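A.B. asks: File upload_9.tsv below, TSV, C-alpha atoms:
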```tsv
chain	number	residue	atom	x	y	z
R	1	MET	CA	-39.87	-10.02	9.14
R	2	ASN	CA	-39.96	-9.30	5.49
R	3	TYR	CA	-37.37	-10.20	2.91
R	4	ARG	CA	-35.84	-6.74	2.81
R	5	GLN	CA	-35.14	-6.61	6.54
R	6	ASN	CA	-33.57	-10.07	6.41
R	7	ASN	CA	-31.45	-8.90	3.51
R	8	ILE	CA	-30.25	-5.85	5.43
R	9	LYS	CA	-29.42	-7.90	8.49
R	10	ARG	CA	-27.54	-10.42	6.38
R	11	ASN	CA	-25.59	-7.65	4.69
R	12	ILE	CA	-24.68	-6.05	8.01
R	13	LEU	CA	-23.47	-9.38	9.37
R	14	VAL	CA	-21.43	-10.01	6.23
R	15	GLY	CA	-19.94	-6.55	6.53
R	16	ILE	CA	-18.97	-6.96	10.17
R	17	PHE	CA	-17.45	-10.34	9.37
R	18	ALA	CA	-15.49	-8.87	6.46
R	19	LEU	CA	-14.14	-6.08	8.66
R	20	MET	CA	-13.11	-8.54	11.37
R	21	VAL	CA	-11.34	-10.73	8.82
R	22	LEU	CA	-9.59	-7.71	7.34
R	23	VAL	CA	-8.39	-6.46	10.72
R	24	SER	CA	-7.25	-9.90	11.91
R	25	VAL	CA	-5.42	-10.77	8.72
R	26	SER	CA	-3.80	-7.35	8.61
R	27	TYR	CA	-2.61	-7.68	12.18
R	28	PHE	CA	-1.13	-11.17	11.98
R	29	TRP	CA	-0.05	-11.68	8.39
R	30	GLY	CA	-0.65	-8.29	6.89
R	31	GLY	CA	2.81	-7.65	5.54
R	32	THR	CA	3.38	-10.97	3.82
R	33	ILE	CA	-0.07	-11.41	2.35
R	34	TYR	CA	-0.29	-7.80	1.32
R	35	TYR	CA	3.06	-7.99	-0.49
R	36	GLY	CA	2.10	-11.21	-2.29
R	37	ILE	CA	-1.24	-9.89	-3.49
R	38	SER	CA	0.28	-6.55	-4.35
R	39	ALA	CA	3.07	-8.18	-6.38
R	40	ALA	CA	0.52	-10.21	-8.34
R	41	ALA	CA	-1.66	-7.16	-8.95
R	42	HIS	CA	1.36	-5.16	-10.13
R	43	TYR	CA	2.46	-7.99	-12.42
R	44	VAL	CA	-0.95	-7.90	-14.13
R	45	SER	CA	-1.31	-4.11	-14.12
R	46	GLU	CA	2.18	-3.19	-15.34
R	47	PRO	CA	1.53	-3.96	-19.06
R	48	LEU	CA	-1.85	-2.18	-18.80
R	49	TRP	CA	-0.20	0.94	-17.41
R	50	LYS	CA	2.42	0.87	-20.15
R	51	ALA	CA	-0.27	0.54	-22.80
R	52	GLY	CA	-2.14	3.46	-21.25
R	53	SER	CA	1.01	5.61	-21.25
R	54	ARG	CA	1.58	4.86	-24.93
R	55	VAL	CA	-1.99	5.81	-25.81
R	56	SER	CA	-1.75	8.98	-23.72
R	57	ASN	CA	1.56	10.02	-25.32
R	58	THR	CA	0.20	9.38	-28.81
R	59	ALA	CA	-2.95	11.37	-28.08
R	60	SER	CA	-0.86	14.26	-26.70
R	61	SER	CA	1.25	14.37	-29.84
R	62	TYR	CA	-1.88	14.65	-32.02
R	63	ALA	CA	-3.55	17.22	-29.76
R	64	GLY	CA	-1.28	19.91	-31.19
R	65	PHE	CA	-3.17	19.75	-34.48
R	66	LEU	CA	-6.18	21.25	-32.76
R	67	ASP	CA	-4.36	24.46	-31.77
R	68	SER	CA	-4.45	27.51	-34.04
R	69	LYS	CA	-1.28	28.64	-35.79
R	70	GLU	CA	-1.19	31.91	-33.80
R	71	THR	CA	-1.46	30.05	-30.46
R	72	LEU	CA	1.37	27.72	-31.43
R	73	LYS	CA	3.55	30.64	-32.54
R	74	GLU	CA	2.96	32.53	-29.27
R	75	ARG	CA	3.74	29.43	-27.24
R	76	ASN	CA	6.85	28.81	-29.31
R	77	ASP	CA	8.12	32.35	-28.70
R	78	GLU	CA	7.49	32.04	-24.94
R	79	LEU	CA	9.35	28.74	-24.81
R	80	GLU	CA	12.32	30.09	-26.73
R	81	GLN	CA	12.65	33.00	-24.32
R	82	GLU	CA	12.37	30.64	-21.37
R	83	ILE	CA	15.06	28.38	-22.85
R	84	GLN	CA	17.41	31.35	-23.26
R	85	GLU	CA	16.90	32.40	-19.61
R	86	LEU	CA	17.41	28.85	-18.41
R	87	ARG	CA	20.59	28.47	-20.48
R	88	LEU	CA	22.12	31.47	-18.71
R	89	LYS	CA	21.14	30.13	-15.28
R	90	LEU	CA	22.51	26.71	-16.20
R	91	LEU	CA	25.91	28.19	-17.09
R	92	SER	CA	26.41	29.68	-13.64
R	93	LYS	CA	24.91	26.63	-11.96
R	94	ASN	CA	27.27	24.22	-13.74
R	95	PHE	CA	30.21	26.38	-12.72
R	96	LEU	CA	29.15	26.33	-9.07
R	97	LEU	CA	28.45	22.60	-9.22
R	98	GLN	CA	31.91	21.88	-10.60
R	99	GLU	CA	33.50	24.10	-7.97
R	100	ASN	CA	31.53	22.28	-5.26
R	101	LYS	CA	32.69	18.87	-6.54
R	102	GLU	CA	36.32	20.00	-6.65
R	103	LEU	CA	36.16	21.35	-3.12
R	104	LYS	CA	34.64	18.11	-1.87
R	105	ALA	CA	37.29	16.10	-3.69
R	106	MET	CA	39.98	18.20	-1.95
R	107	LEU	CA	38.38	17.33	1.38
R	108	GLY	CA	38.18	13.67	0.43
R	109	ARG	CA	34.36	13.51	0.23
R	110	VAL	CA	33.39	12.17	-3.17
R	111	SER	CA	30.04	10.48	-3.58
R	112	GLU	CA	29.20	8.41	-6.61
R	113	ARG	CA	25.94	6.84	-7.55
R	114	ASP	CA	24.51	4.42	-10.08
R	115	VAL	CA	21.34	5.81	-11.58
R	116	VAL	CA	18.66	3.97	-13.53
R	117	LEU	CA	16.09	5.82	-15.59
R	118	ALA	CA	12.50	4.76	-15.01
R	119	ALA	CA	9.22	5.63	-16.70
R	120	VAL	CA	6.32	6.72	-14.51
R	121	LEU	CA	3.41	4.31	-14.98
R	122	SER	CA	1.01	5.88	-12.51
R	123	LYS	CA	1.11	9.44	-11.20
R	124	PRO	CA	0.21	10.64	-7.68
R	125	ASN	CA	-3.22	11.94	-8.70
R	126	ASN	CA	-4.27	8.35	-9.56
R	127	SER	CA	-3.65	7.38	-5.99
R	128	PRO	CA	-4.99	8.80	-2.76
R	129	TYR	CA	-1.73	7.74	-1.11
R	130	ASP	CA	0.68	10.08	-2.90
R	131	THR	CA	2.59	7.23	-4.50
R	132	LEU	CA	4.17	6.75	-7.89
R	133	ILE	CA	4.44	3.50	-9.79
R	134	ILE	CA	7.54	3.17	-11.97
R	135	ASP	CA	8.48	0.55	-14.54
R	136	ILE	CA	11.63	-0.87	-12.96
R	137	GLY	CA	11.89	-3.30	-10.10
R	138	LYS	CA	14.04	-6.23	-9.01
R	139	ASP	CA	15.01	-6.74	-12.66
R	140	LYS	CA	17.07	-3.52	-12.52
R	141	GLY	CA	18.47	-3.97	-9.04
R	142	VAL	CA	16.07	-1.59	-7.30
R	143	LYS	CA	15.85	-1.97	-3.53
R	144	GLU	CA	13.58	-0.60	-0.85
R	145	GLY	CA	14.84	2.75	0.36
R	146	ASP	CA	16.55	3.76	-2.91
R	147	LYS	CA	16.16	7.47	-3.55
R	148	VAL	CA	14.17	8.71	-6.53
R	149	PHE	CA	15.18	11.92	-8.30
R	150	VAL	CA	13.94	14.12	-11.10
R	151	GLU	CA	16.44	16.08	-13.20
R	152	GLY	CA	19.22	14.54	-11.12
R	153	GLU	CA	18.83	16.97	-8.22
R	154	ILE	CA	15.24	17.18	-7.09
R	155	VAL	CA	14.59	14.27	-4.77
R	156	ILE	CA	10.94	13.32	-4.75
R	157	GLY	CA	10.80	10.15	-2.71
R	158	THR	CA	12.09	6.70	-1.92
R	159	ILE	CA	11.29	3.22	-3.14
R	160	GLN	CA	8.75	1.75	-0.76
R	161	GLU	CA	7.99	-1.62	-2.35
R	162	VAL	CA	9.80	-3.49	-5.09
R	163	TYR	CA	8.15	-6.01	-7.41
R	164	ALA	CA	9.48	-8.04	-10.31
R	165	TYR	CA	9.16	-5.33	-12.99
R	166	SER	CA	7.73	-2.34	-11.15
R	167	SER	CA	8.16	-0.42	-7.93
R	168	LYS	CA	6.09	1.77	-5.71
R	169	VAL	CA	7.60	5.14	-4.80
R	170	GLU	CA	6.56	6.89	-1.62
R	171	LEU	CA	6.82	10.61	-2.24
R	172	TYR	CA	8.54	12.74	0.38
R	173	SER	CA	5.43	14.88	0.39
R	174	SER	CA	3.15	12.00	1.45
R	175	PRO	CA	0.81	13.18	4.21
R	176	GLY	CA	2.17	12.16	7.58
R	177	LEU	CA	5.86	12.06	6.59
R	178	THR	CA	8.31	14.48	8.16
R	179	HIS	CA	11.83	15.42	7.04
R	180	ASN	CA	14.74	17.31	8.54
R	181	ALA	CA	15.19	20.19	6.14
R	182	THR	CA	17.15	23.42	5.98
R	183	LEU	CA	16.56	26.85	4.47
R	184	ARG	CA	18.86	29.69	3.53
R	185	GLU	CA	21.80	27.54	2.41
R	186	GLY	CA	21.60	25.31	5.45
R	187	THR	CA	21.54	28.06	8.04
R	188	ILE	CA	17.97	27.54	9.23
R	189	PRO	CA	17.02	24.01	10.32
R	190	ALA	CA	13.38	23.06	10.09
R	191	THR	CA	11.00	20.11	9.97
R	192	ALA	CA	9.06	19.76	6.74
R	193	TYR	CA	5.67	18.02	6.99
R	194	GLY	CA	4.32	16.34	3.87
R	195	LYS	CA	1.02	17.66	2.57
R	196	GLY	CA	0.72	15.62	-0.61
R	197	VAL	CA	1.69	15.95	-4.29
R	198	GLY	CA	4.93	17.84	-3.78
R	199	ASN	CA	3.69	20.19	-1.06
R	200	PHE	CA	5.21	20.62	2.39
R	201	GLU	CA	4.53	22.73	5.43
R	202	ILE	CA	7.13	24.19	7.77
R	203	THR	CA	6.47	26.03	11.00
R	204	LEU	CA	9.10	28.49	12.21
R	205	PRO	CA	9.23	31.26	14.79
R	206	ARG	CA	7.83	34.42	13.20
R	207	ASP	CA	10.96	36.49	13.81
R	208	ILE	CA	13.00	34.34	11.42
R	209	GLU	CA	13.13	36.12	8.07
R	210	ILE	CA	12.05	33.92	5.17
R	211	ALA	CA	11.43	35.12	1.63
R	212	LEU	CA	9.27	33.73	-1.12
R	213	GLY	CA	11.34	31.52	-3.38
R	214	ASP	CA	13.82	30.48	-0.70
R	215	VAL	CA	15.08	27.00	-1.48
R	216	VAL	CA	14.43	24.21	1.02
R	217	THR	CA	16.96	21.38	1.02
R	218	ILE	CA	17.64	18.12	2.84
R	219	PRO	CA	21.05	17.98	4.46
R	220	ASP	CA	23.27	15.48	2.67
R	221	THR	CA	26.70	15.31	1.09
R	222	GLU	CA	25.04	16.38	-2.13
R	223	VAL	CA	22.48	19.12	-2.51
R	224	ILE	CA	19.03	17.58	-2.37
R	225	VAL	CA	16.31	20.09	-3.17
R	226	LEU	CA	12.90	19.58	-1.61
R	227	GLY	CA	11.23	22.66	-3.06
R	228	SER	CA	10.92	26.42	-2.69
R	229	VAL	CA	8.85	28.67	-0.44
R	230	LEU	CA	5.50	29.40	-2.04
R	231	TYR	CA	3.59	31.09	0.75
R	232	ILE	CA	4.34	32.58	4.15
R	233	GLY	CA	1.45	32.90	6.55
R	234	LYS	CA	1.84	35.06	9.66
R	235	ASP	CA	-0.94	35.26	12.19
R	236	PRO	CA	-0.57	38.33	14.47
R	237	ASN	CA	-1.81	36.24	17.39
R	238	SER	CA	0.68	33.45	16.85
R	239	PRO	CA	4.42	33.41	17.63
R	240	PHE	CA	4.95	31.14	14.63
R	241	GLN	CA	4.75	31.52	10.88
R	242	LYS	CA	3.43	28.86	8.57
R	243	ILE	CA	5.48	28.31	5.43
R	244	LEU	CA	4.20	26.36	2.47
R	245	VAL	CA	6.85	24.78	0.29
R	246	LYS	CA	6.21	23.45	-3.16
R	247	SER	CA	8.33	21.09	-5.17
R	248	PRO	CA	9.27	22.50	-8.59
R	249	ILE	CA	8.16	19.25	-10.17
R	250	ASN	CA	4.82	19.16	-11.96
R	251	PHE	CA	3.74	15.68	-10.90
R	252	SER	CA	0.75	15.57	-13.22
R	253	GLU	CA	3.13	15.76	-16.20
R	254	LEU	CA	5.95	13.69	-14.75
R	255	ARG	CA	7.05	10.99	-17.18
R	256	TRP	CA	10.58	10.00	-16.17
R	257	VAL	CA	12.43	9.65	-12.89
R	258	GLU	CA	15.90	8.49	-11.87
R	259	VAL	CA	16.44	5.86	-9.23
R	260	VAL	CA	19.74	5.76	-7.40
R	261	VAL	CA	20.21	2.00	-7.16
R	262	SER	CA	23.42	2.29	-5.20
R	263	SER	CA	25.45	5.12	-3.83
R	264	PHE	CA	28.67	5.17	-1.92
R	265	GLU	CA	31.04	7.72	-0.62
R	266	ASN	CA	34.79	7.66	-0.99
R	267	THR	CA	36.40	9.11	2.06
R	268	ASN	CA	40.17	9.28	1.79
T	1	MET	CA	-25.74	-8.47	-16.52
T	2	ILE	CA	-23.90	-6.99	-19.51
T	3	LYS	CA	-24.27	-3.51	-18.00
T	4	ARG	CA	-22.76	-4.69	-14.76
T	5	ILE	CA	-19.78	-6.28	-16.48
T	6	ILE	CA	-19.18	-3.07	-18.43
T	7	ALA	CA	-19.43	-1.11	-15.17
T	8	ASP	CA	-16.89	-3.43	-13.54
T	9	ILE	CA	-14.49	-2.98	-16.44
T	10	GLY	CA	-15.01	0.76	-16.21
T	11	ILE	CA	-14.18	0.74	-12.49
T	12	VAL	CA	-10.97	-1.20	-13.07
T	13	LEU	CA	-9.94	1.15	-15.89
T	14	SER	CA	-10.62	4.17	-13.71
T	15	ILE	CA	-8.47	2.67	-10.95
T	16	LEU	CA	-5.62	2.22	-13.41
T	17	TYR	CA	-5.87	5.45	-15.38
T	18	ALA	CA	-8.18	8.00	-13.78
T	19	PRO	CA	-7.78	10.19	-10.69
T	20	TRP	CA	-8.87	8.44	-7.49
T	21	TRP	CA	-11.82	10.77	-6.90
T	22	MET	CA	-13.23	9.73	-10.26
T	23	THR	CA	-13.04	6.11	-9.16
T	24	VAL	CA	-14.87	6.96	-5.95
T	25	SER	CA	-17.59	8.85	-7.86
T	26	ALA	CA	-18.06	6.02	-10.34
T	27	GLY	CA	-18.13	3.43	-7.56
T	28	VAL	CA	-20.77	5.32	-5.59
T	29	PHE	CA	-22.87	5.81	-8.73
T	30	PHE	CA	-22.74	2.12	-9.63
T	31	ALA	CA	-23.52	1.14	-6.04
T	32	PHE	CA	-26.75	3.14	-6.28
T	33	TYR	CA	-27.54	1.93	-9.79
T	34	PHE	CA	-27.00	-1.79	-9.27
T	35	SER	CA	-28.31	-3.91	-6.46
T	36	ASN	CA	-25.81	-5.44	-4.03
T	37	TYR	CA	-22.80	-3.95	-5.82
T	38	TYR	CA	-20.13	-5.95	-3.95
T	39	GLU	CA	-17.63	-4.93	-6.59
T	40	LEU	CA	-17.34	-1.61	-4.77
T	41	ILE	CA	-15.55	-3.38	-1.91
T	42	ALA	CA	-13.31	-5.24	-4.35
T	43	ALA	CA	-12.48	-1.94	-6.06
T	44	GLY	CA	-11.52	-0.33	-2.75
T	45	ALA	CA	-9.27	-3.27	-1.94
T	46	LEU	CA	-7.68	-3.06	-5.39
T	47	VAL	CA	-6.80	0.61	-4.89
T	48	ASP	CA	-5.08	-0.24	-1.61
T	49	ILE	CA	-3.26	-3.20	-3.16
T	50	LEU	CA	-1.98	-1.22	-6.14
T	51	TYR	CA	-1.24	2.13	-4.55
T	52	GLY	CA	-1.40	1.52	-0.82
T	53	ASN	CA	1.09	3.06	1.47
T	54	ASN	CA	1.40	1.30	4.81
T	55	SER	CA	3.02	4.20	6.57
T	56	THR	CA	0.93	7.12	5.40
T	57	SER	CA	-2.45	7.81	3.98
T	58	LEU	CA	-4.97	10.57	3.69
T	59	ILE	CA	-6.12	10.22	7.29
T	60	HIS	CA	-3.13	8.40	8.76
T	61	ILE	CA	-4.58	4.91	8.83
T	62	PRO	CA	-3.74	2.11	6.38
T	63	PHE	CA	-6.20	0.48	3.98
T	64	VAL	CA	-8.33	3.60	3.84
T	65	PHE	CA	-10.05	2.59	0.63
T	66	SER	CA	-10.78	-0.97	1.70
T	67	ILE	CA	-12.36	0.16	4.94
T	68	GLY	CA	-14.00	3.13	3.28
T	69	SER	CA	-15.55	1.04	0.52
T	70	ILE	CA	-17.07	-1.35	3.07
T	71	ILE	CA	-18.53	1.60	4.98
T	72	PHE	CA	-19.75	3.20	1.75
T	73	TYR	CA	-21.35	-0.03	0.57
T	74	PHE	CA	-23.42	-0.57	3.69
T	75	SER	CA	-24.29	3.10	3.97
T	76	ILE	CA	-25.61	3.06	0.42
T	77	GLN	CA	-27.53	-0.15	1.09
T	78	PHE	CA	-29.12	1.51	4.09
T	79	LEU	CA	-29.91	4.70	2.15
T	80	LYS	CA	-31.58	2.67	-0.57
T	81	THR	CA	-34.03	1.26	1.97
T	82	LYS	CA	-35.05	4.83	2.79
T	83	MET	CA	-35.39	6.05	-0.76
T	84	ARG	CA	-38.75	5.85	-2.49
T	85	MET	CA	-37.34	4.98	-5.89
T	86	TYR	CA	-35.93	1.73	-4.51
T	87	ASN	CA	-39.02	0.82	-2.50
T	88	SER	CA	-41.83	1.30	-5.00
```
Here is a file; write its structure as structure tokens.

C.D. replies:
Amino acid sequence: MNYRQNNIKRNILVGIFALMVLVSVSYFWGGTIYYGISAAAHYVSEPLWKAGSRVSNTASSYAGFLDSKETLKERNDELEQEIQELRLKLLSKNFLLQENKELKAMLGRVSERDVVLAAVLSKPNNSPYDTLIIDIGKDKGVKEGDKVFVEGEIVIGTIQEVYAYSSKVELYSSPGLTHNATLREGTIPATAYGKGVGNFEITLPRDIEIALGDVVTIPDTEVIVLGSVLYIGKDPNSPFQKILVKSPINFSELRWVEVVVSSFENTN
Amino acid sequence: MIKRIIADIGIVLSILYAPWWMTVSAGVFFAFYFSNYYELIAAGALVDILYGNNSTSLIHIPFVFSIGSIIFYFSIQFLKTKMRMYNS
């Protein structure tokens, strides 16, 4: 046999051995070893991610110099109009929110939560696993299972693993995850299946009326928004309709999140 | 040797800062360019260690990148034996 064939055989044997080791270690000590190695890797990577974020933010701030004056003016006008529309919506929303809180207080259901702001070190598109890496960990009292929000209302996931100075967030939209959700102000229960990067899929009987833009929420004492209906697919041959739901969060531009490090409910 | 070290640094930087598909593309390219590019397997393991999600993944099994990188590595090694440019 020549050298090349021996090399191939050796490589195949090494590969099979490596796979066997990987499977065995994963089965018996997977959790502990994985966490230890992961914590060490995060400890080393965390300052690199922060440095990368700083460079990216600096580059973004200088990128504006490349745009023409007319483009910037058009964009400015669009943003001002959008701000005005959002201000009006916010006024009515704040009123409803306050009314909701007062009603809950009358019924003795007041929930309070401690929130910590966290910077996003790594976005979901860096990872094939639909996870976020944030810059707070055990140092800020973060625990596994803590909910992660954006803008205080849009829940995007939960803390999956906590390290010394960083944490891994599993997004609600991770492929394979399912959630009990509701549509139409809680009147239509449904199961939302994660499809990755803020996208979900819901299957409902086709005779249930759903409209584009309907808000999908998770039942809780507070309103937790999962997303809104983006697409409704009805196959004439199927008794069901497929609904695609998209989170309003643009994950590729996400820079800050809020972690609820503790929450409790006062029931009087 | 210098080229390989630069490639390894590039792979690590792509894992930290670039989309995952870019890391895969770079890893496959370097595996064809260099001989016995074991770093591809290490890169796959690093992706799982940094970003891995035990409960979910693209195809509902854990350590997708570690397993995938091993499969990719040996597939590329096999392909190289069939390609004229590596056998001349």

A.B. asks: Within 6 Å of Ile41 of chain T, counting only C-alpha atoms, which residues show up once you throw out same-chain ones fewer than 3 positions away? Write them as a list in words, please.

C.D. replies: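 Surrounding residues, per the criterion: Tyr38, Gly44, Ser69 and Ile70 of chain T.
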
A.B. asks: Tell me which of T:Ser25, T:Phe63, T:Leu79, T:Ile2 sits closest to Leu40 of chain T, counting all atoms listed in the file.

C.D. replies: T:Ser25

A.B. asks: List as JSON lines every residue of chain T that is in contact with chain R, defined as an atom at most 12 Å from one of its atoms (using all atoms listed in the file), together with the nearest atom pair and the distance in Å rounded to one decimal, sorted by chain and then rising number.

C.D. replies:
```
{"residue": "T:Val12", "atom": "CA", "partner": "R:Ser45", "partner_atom": "CA", "distance": 10.1}
{"residue": "T:Leu13", "atom": "CA", "partner": "R:Leu48", "partner_atom": "CA", "distance": 9.2}
{"residue": "T:Ser14", "atom": "CA", "partner": "R:Asn126", "partner_atom": "CA", "distance": 8.7}
{"residue": "T:Ile15", "atom": "CA", "partner": "R:Asn126", "partner_atom": "CA", "distance": 7.2}
{"residue": "T:Leu16", "atom": "CA", "partner": "R:Trp49", "partner_atom": "CA", "distance": 6.9}
{"residue": "T:Tyr17", "atom": "CA", "partner": "R:Asn126", "partner_atom": "CA", "distance": 6.7}
{"residue": "T:Ala18", "atom": "CA", "partner": "R:Asn126", "partner_atom": "CA", "distance": 5.8}
{"residue": "T:Pro19", "atom": "CA", "partner": "R:Asn126", "partner_atom": "CA", "distance": 4.1}
{"residue": "T:Trp20", "atom": "CA", "partner": "R:Asn126", "partner_atom": "CA", "distance": 5.0}
{"residue": "T:Trp21", "atom": "CA", "partner": "R:Pro128", "partner_atom": "CA", "distance": 8.2}
{"residue": "T:Met22", "atom": "CA", "partner": "R:Asn126", "partner_atom": "CA", "distance": 9.1}
{"residue": "T:Thr23", "atom": "CA", "partner": "R:Asn126", "partner_atom": "CA", "distance": 9.1}
{"residue": "T:Val24", "atom": "CA", "partner": "R:Pro128", "partner_atom": "CA", "distance": 10.5}
{"residue": "T:Ser35", "atom": "CA", "partner": "R:Asn7", "partner_atom": "CA", "distance": 11.6}
{"residue": "T:Asn36", "atom": "CA", "partner": "R:Asn11", "partner_atom": "CA", "distance": 9.0}
{"residue": "T:Tyr37", "atom": "CA", "partner": "R:Asn11", "partner_atom": "CA", "distance": 11.5}
{"residue": "T:Tyr38", "atom": "CA", "partner": "R:Asn11", "partner_atom": "CA", "distance": 10.4}
{"residue": "T:Ile41", "atom": "CA", "partner": "R:Ala18", "partner_atom": "CA", "distance": 10.0}
{"residue": "T:Ala42", "atom": "CA", "partner": "R:Ala18", "partner_atom": "CA", "distance": 11.6}
{"residue": "T:Gly44", "atom": "CA", "partner": "R:Pro128", "partner_atom": "CA", "distance": 11.2}
{"residue": "T:Ala45", "atom": "CA", "partner": "R:Leu22", "partner_atom": "CA", "distance": 10.3}
{"residue": "T:Leu46", "atom": "CA", "partner": "R:Ala41", "partner_atom": "CA", "distance": 8.1}
{"residue": "T:Val47", "atom": "CA", "partner": "R:Ser127", "partner_atom": "CA", "distance": 7.5}
{"residue": "T:Asp48", "atom": "CA", "partner": "R:Tyr129", "partner_atom": "CA", "distance": 8.7}
{"residue": "T:Ile49", "atom": "CA", "partner": "R:Ser38", "partner_atom": "CA", "distance": 5.0}
{"residue": "T:Leu50", "atom": "CA", "partner": "R:Ser38", "partner_atom": "CA", "distance": 6.1}
{"residue": "T:Tyr51", "atom": "CA", "partner": "R:Ser127", "partner_atom": "CA", "distance": 6.0}
{"residue": "T:Gly52", "atom": "CA", "partner": "R:Tyr129", "partner_atom": "CA", "distance": 6.2}
{"residue": "T:Asn53", "atom": "CA", "partner": "R:Tyr129", "partner_atom": "CA", "distance": 6.0}
{"residue": "T:Asn54", "atom": "CA", "partner": "R:Gly31", "partner_atom": "CA", "distance": 9.1}
{"residue": "T:Ser55", "atom": "CA", "partner": "R:Gly176", "partner_atom": "CA", "distance": 8.1}
{"residue": "T:Thr56", "atom": "CA", "partner": "R:Gly176", "partner_atom": "CA", "distance": 5.6}
{"residue": "T:Ser57", "atom": "CA", "partner": "R:Tyr129", "partner_atom": "CA", "distance": 5.1}
{"residue": "T:Leu58", "atom": "CA", "partner": "R:Pro175", "partner_atom": "CA", "distance": 6.4}
{"residue": "T:Ile59", "atom": "CA", "partner": "R:Pro175", "partner_atom": "CA", "distance": 8.1}
{"residue": "T:His60", "atom": "CA", "partner": "R:Gly176", "partner_atom": "CA", "distance": 6.6}
{"residue": "T:Ile61", "atom": "CA", "partner": "R:Gly176", "partner_atom": "CA", "distance": 10.0}
{"residue": "T:Pro62", "atom": "CA", "partner": "R:Tyr129", "partner_atom": "CA", "distance": 9.6}
{"residue": "T:Phe63", "atom": "CA", "partner": "R:Ser26", "partner_atom": "CA", "distance": 9.4}
{"residue": "T:Val64", "atom": "CA", "partner": "R:Pro128", "partner_atom": "CA", "distance": 9.0}
{"residue": "T:Phe65", "atom": "CA", "partner": "R:Pro128", "partner_atom": "CA", "distance": 8.7}
{"residue": "T:Ser66", "atom": "CA", "partner": "R:Leu22", "partner_atom": "CA", "distance": 8.9}
{"residue": "T:Ile67", "atom": "CA", "partner": "R:Leu19", "partner_atom": "CA", "distance": 7.5}
{"residue": "T:Gly68", "atom": "CA", "partner": "R:Leu19", "partner_atom": "CA", "distance": 10.7}
{"residue": "T:Ser69", "atom": "CA", "partner": "R:Gly15", "partner_atom": "CA", "distance": 10.6}
{"residue": "T:Ile70", "atom": "CA", "partner": "R:Gly15", "partner_atom": "CA", "distance": 6.9}
{"residue": "T:Ile71", "atom": "CA", "partner": "R:Gly15", "partner_atom": "CA", "distance": 8.4}
{"residue": "T:Phe72", "atom": "CA", "partner": "R:Gly15", "partner_atom": "CA", "distance": 10.9}
{"residue": "T:Tyr73", "atom": "CA", "partner": "R:Gly15", "partner_atom": "CA", "distance": 8.9}
{"residue": "T:Phe74", "atom": "CA", "partner": "R:Ile12", "partner_atom": "CA", "distance": 7.1}
{"residue": "T:Ser75", "atom": "CA", "partner": "R:Ile12", "partner_atom": "CA", "distance": 10.0}
{"residue": "T:Ile76", "atom": "CA", "partner": "R:Ile8", "partner_atom": "CA", "distance": 11.2}
{"residue": "T:Gln77", "atom": "CA", "partner": "R:Ile8", "partner_atom": "CA", "distance": 7.7}
{"residue": "T:Phe78", "atom": "CA", "partner": "R:Ile8", "partner_atom": "CA", "distance": 7.6}
{"residue": "T:Leu79", "atom": "CA", "partner": "R:Ile8", "partner_atom": "CA", "distance": 11.1}
{"residue": "T:Lys80", "atom": "CA", "partner": "R:Ile8", "partner_atom": "CA", "distance": 10.5}
{"residue": "T:Thr81", "atom": "CA", "partner": "R:Arg4", "partner_atom": "CA", "distance": 8.2}
{"residue": "T:Lys82", "atom": "CA", "partner": "R:Arg4", "partner_atom": "CA", "distance": 11.6}
{"residue": "T:Tyr86", "atom": "CA", "partner": "R:Arg4", "partner_atom": "CA", "distance": 11.2}
{"residue": "T:Asn87", "atom": "CA", "partner": "R:Arg4", "partner_atom": "CA", "distance": 9.8}
```

A.B. asks: Would you list the contacts of Tyr172 of chain R as a ChimeraX atom specification, taking every protein, DNA or RNA residue within 8 Å and counting only C-alpha atoms, but skipping same-chain residues closer than 6 positions in sequence?

C.D. replies: /R:156-158,178-179,194,198

A.B. asks: What is the distance, in Å and to one decimal place, between atom CA of Arg87 of chain R and atom CA of Leu244 of chain R?

C.D. replies: 28.3 Å

A.B. asks: At what distance in Å, to one decimal, does atom CA of Val260 of chain R lie from atom CA of Phe149 of chain R?

C.D. replies: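 Distance between the two atoms: 7.7 Å.
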
A.B. asks: Rounded to one decimal, what separation in Å do you get between atom CA of Val225 of chain R and atom CA of Val155 of chain R?

C.D. replies: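 Computed distance, atom CA of Val225 of chain R to atom CA of Val155 of chain R, equals 6.3 Å.
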
A.B. asks: Which of these, R:Thr203, R:Asn100, R:Val261, R:Ser68, has the shortest distance to Lys140 of chain R once you count only C-alpha atoms?

C.D. replies: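 The answer is R:Val261, which sits nearest to Lys140 of chain R.
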
A.B. asks: Of the candidates R:Ala119, R:Ile218, R:Val245, R:Ala181, which one gets nearest to Ser167 of chain R if we count only C-alpha atoms?

C.D. replies: R:Ala119

A.B. asks: Choose the residue, out of R:Leu204, R:Gly186, R:Val197, R:Ile243, that has the smallest atom-to-atom separation from Ile224 of chain R; count only C-alpha atoms.

C.D. replies: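 Nearest to Ile224 of chain R: R:Gly186.
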
A.B. asks: Emit as AutoDock Vina command-line options the padded axis-aligned box for all listed atoms of segment 11-14 of chain T, 8 Å per side, with centre and edge lengths in Å to one decimal.

C.D. replies:
```
--center_x -12.1 --center_y 1.5 --center_z -14.2 --size_x 20.2 --size_y 21.4 --size_z 19.4
```

A.B. asks: Pick the closest to Gly141 of chain R from R:Glu74, R:Asp114, R:Glu209, R:Asp220: which is it, counting only C-alpha atoms?

C.D. replies: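 The answer is R:Asp114, which sits nearest to Gly141 of chain R.
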